[in-house]
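Asker: Please see the structure below; I have some questions.
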Amino acid sequence: MSTDTVKLGYIGLGNQGAPMARRLVDWPGGLVVFDVRPESMAPLVESGATAADSVAGVAAADVISVTVLNDAQVRDVVGELAEHARPGTVIAIHSTIEPETAPELAEQLRAKGIHIVDAPVSGGAGAADKGELAVMVGADDDAYEAVKPVFKKWASMVVRAGEPGAGTRMKLARNMLTFIGFTAACEAMRLAEAAGIELQKLGRVVRHSDAQSGGPGAIMVRDDMKPLTSDHFLHDMFVHTRGLAEKDLKLALRLGAATGVELPLAEIALRDLAAGLGVPHDSSTTKE
């Protein structure tokens, strides 16, 4: 089926869904949208989309995106779509849901010929506006081929994580890193404040250096988490990184002790980073 004849649907036009749907209004086969708030549909209708009066009114579309709040809403929307959709319909769930939800729905609807895709996104509404989201896709082969050109309208990175459910599992790992990083930032700010550092200035330095070094993503370049052999192309680089990290973490912990600030994440990092990098501890810098 060519993109000229594929009809798109979009359900859920909130902060994330609205800018994603907005980039689909010029789709050759047309776009039908639904949200429980009519005012959310109005700008898209003015731009060329068609408004449906219910979830069922979107079911005639070939590829339907769903961006609602939680698992219960996802299950309700998918259940109502499934009552009306034709075999071959692809329902793409962009909400961050329980890891079991997409595989369960995919299994339930397989007999009807309806494909379930879990496709959570990363980047926020600003990236959606610019078409620069990353989307992590769990889909069977046919469904992936159907959604890929659609997703490329609002995403600059489309990654197939695996079968249904894999997109959600990848998103949970990605978001875990984000929020652990935020927690670590709060720990760093507590240390800096206690040591007499202006937090606004620290933030400027961190944002600048993250832009240069890439932050945590800079070390996410391995195929597995096994220990590195001495001839592995990353071994020497990660040994160097480990040495710097363990030295600096030990110094930070000493400063925390001097200023009365507990640094539990720094303790964990000193304990676990070397193994995470796949190299041994540096015995000269490990904490006594």
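Residue numbering restarts at 1 for every chain of the structure tokens, chains are lettered A, B, ... in their displayed order, and ligands are numbered from 1 as they appear.
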Enumerate, in order of chain and increasing residue number, the residues of range 159-216 of chain A with an atom no farther than 12 Å from range 132-136 of chain A, each with its shortest atom pair and distance in Å to one decimal, counting only C-alpha atoms, as JSON lines.

Answerer:
{"residue": "A:Val159", "atom": "CA", "partner": "A:Met136", "partner_atom": "CA", "distance": 5.1}
{"residue": "A:Arg160", "atom": "CA", "partner": "A:Met136", "partner_atom": "CA", "distance": 6.0}
{"residue": "A:Ala161", "atom": "CA", "partner": "A:Met136", "partner_atom": "CA", "distance": 6.0}
{"residue": "A:Gly162", "atom": "CA", "partner": "A:Met136", "partner_atom": "CA", "distance": 9.0}
{"residue": "A:Glu163", "atom": "CA", "partner": "A:Met136", "partner_atom": "CA", "distance": 11.0}
{"residue": "A:Pro164", "atom": "CA", "partner": "A:Met136", "partner_atom": "CA", "distance": 10.6}
{"residue": "A:Gly165", "atom": "CA", "partner": "A:Met136", "partner_atom": "CA", "distance": 10.1}
{"residue": "A:Ala166", "atom": "CA", "partner": "A:Met136", "partner_atom": "CA", "distance": 8.0}
{"residue": "A:Gly167", "atom": "CA", "partner": "A:Met136", "partner_atom": "CA", "distance": 4.7}
{"residue": "A:Thr168", "atom": "CA", "partner": "A:Met136", "partner_atom": "CA", "distance": 7.5}
{"residue": "A:Arg169", "atom": "CA", "partner": "A:Met136", "partner_atom": "CA", "distance": 9.1}
{"residue": "A:Met170", "atom": "CA", "partner": "A:Met136", "partner_atom": "CA", "distance": 6.8}
{"residue": "A:Lys171", "atom": "CA", "partner": "A:Met136", "partner_atom": "CA", "distance": 6.9}
{"residue": "A:Leu172", "atom": "CA", "partner": "A:Met136", "partner_atom": "CA", "distance": 10.5}
{"residue": "A:Ala173", "atom": "CA", "partner": "A:Met136", "partner_atom": "CA", "distance": 11.3}
{"residue": "A:Arg174", "atom": "CA", "partner": "A:Met136", "partner_atom": "CA", "distance": 10.1}

Asker: When you look at Lys226 in chain A with a cut-off of 10 Å (counting only C-alpha atoms), what residues show up, excluding the ones that are within fewer than 3 positions of it in the same chain? I need them as a count of residues only.

Answerer: 8

Asker: Using only C-alpha atoms, which of A:Arg22, A:Arg75, A:Lys112, A:His232 sits nearest Val90 in chain A?

Answerer: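 Using only C-alpha atoms, the shortest distance to Val90 in chain A belongs to A:Lys112.
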
Asker: Name all residues at most 8 Å from Val6 in chain A (count only C-alpha atoms; drop same-chain ones fewer than 6 positions away) and give them as a list in words.

Answerer: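 Non-adjacent residues within range: Pro28, Gly29, Gly30, Ala61, Asp62 and Val63 of chain A.
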
Asker: Given the choices A:Leu251, A:Ala155, A:Leu81, A:Ala194, which gets closest to Ala127 in chain A if the distance is worked out from only C-alpha atoms?

Answerer: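 Looking at the shortest contact to Ala127 in chain A, the residue is A:Ala155.
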
Asker: Set the distance at 9 Å and use only C-alpha atoms: which residues neighbour Arg23 in chain A once local chain neighbours fewer than 2 positions away are removed? I'd like the list as a PyMOL selection string.

Answerer: chain A and resi 18-21+25-27+128-131+153-154

Asker: DSSP on the backbone, alpha helix (DSSP H) only: what residues of range 18-252 of chain A does that give? Format it as a ChimeraX atom specification.

Answerer: /A:18-22,38-47,71-82,101-110,124-130,141-151,166-194,199-213,235-252

Asker: Check the smallest atom-to-atom distance from each of A:Val117, A:Ala42, A:Leu255, A:Ala192 to Phe151 in chain A using only C-alpha atoms, then report the winner.

Answerer: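 Nearest to Phe151 in chain A: A:Val117.
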
Asker: Among range 85-145 of chain A, which residues does DSSP mark as strand (DSSP E or B) when it is run on the backbone? Keep the chain and numbering as in the structure and answer as a list in words.

Answerer: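 Reading the DSSP output for range 85-145 of chain A, strand (DSSP E or B) covers Val90, Ile91, Ala92, Ile93, His115, Ile116, Val117, Asp118, Val121, Ser122, Leu133, Ala134, Val135, Met136, Val137 and Gly138 of chain A.
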
Asker: Can you work out the spacing between CA of Phe238 in chain A and CA of Val221 in chain A in Å, to one decimal?

Answerer: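 CA of Val221 in chain A lies at a distance of 11.2 Å from CA of Phe238 in chain A.
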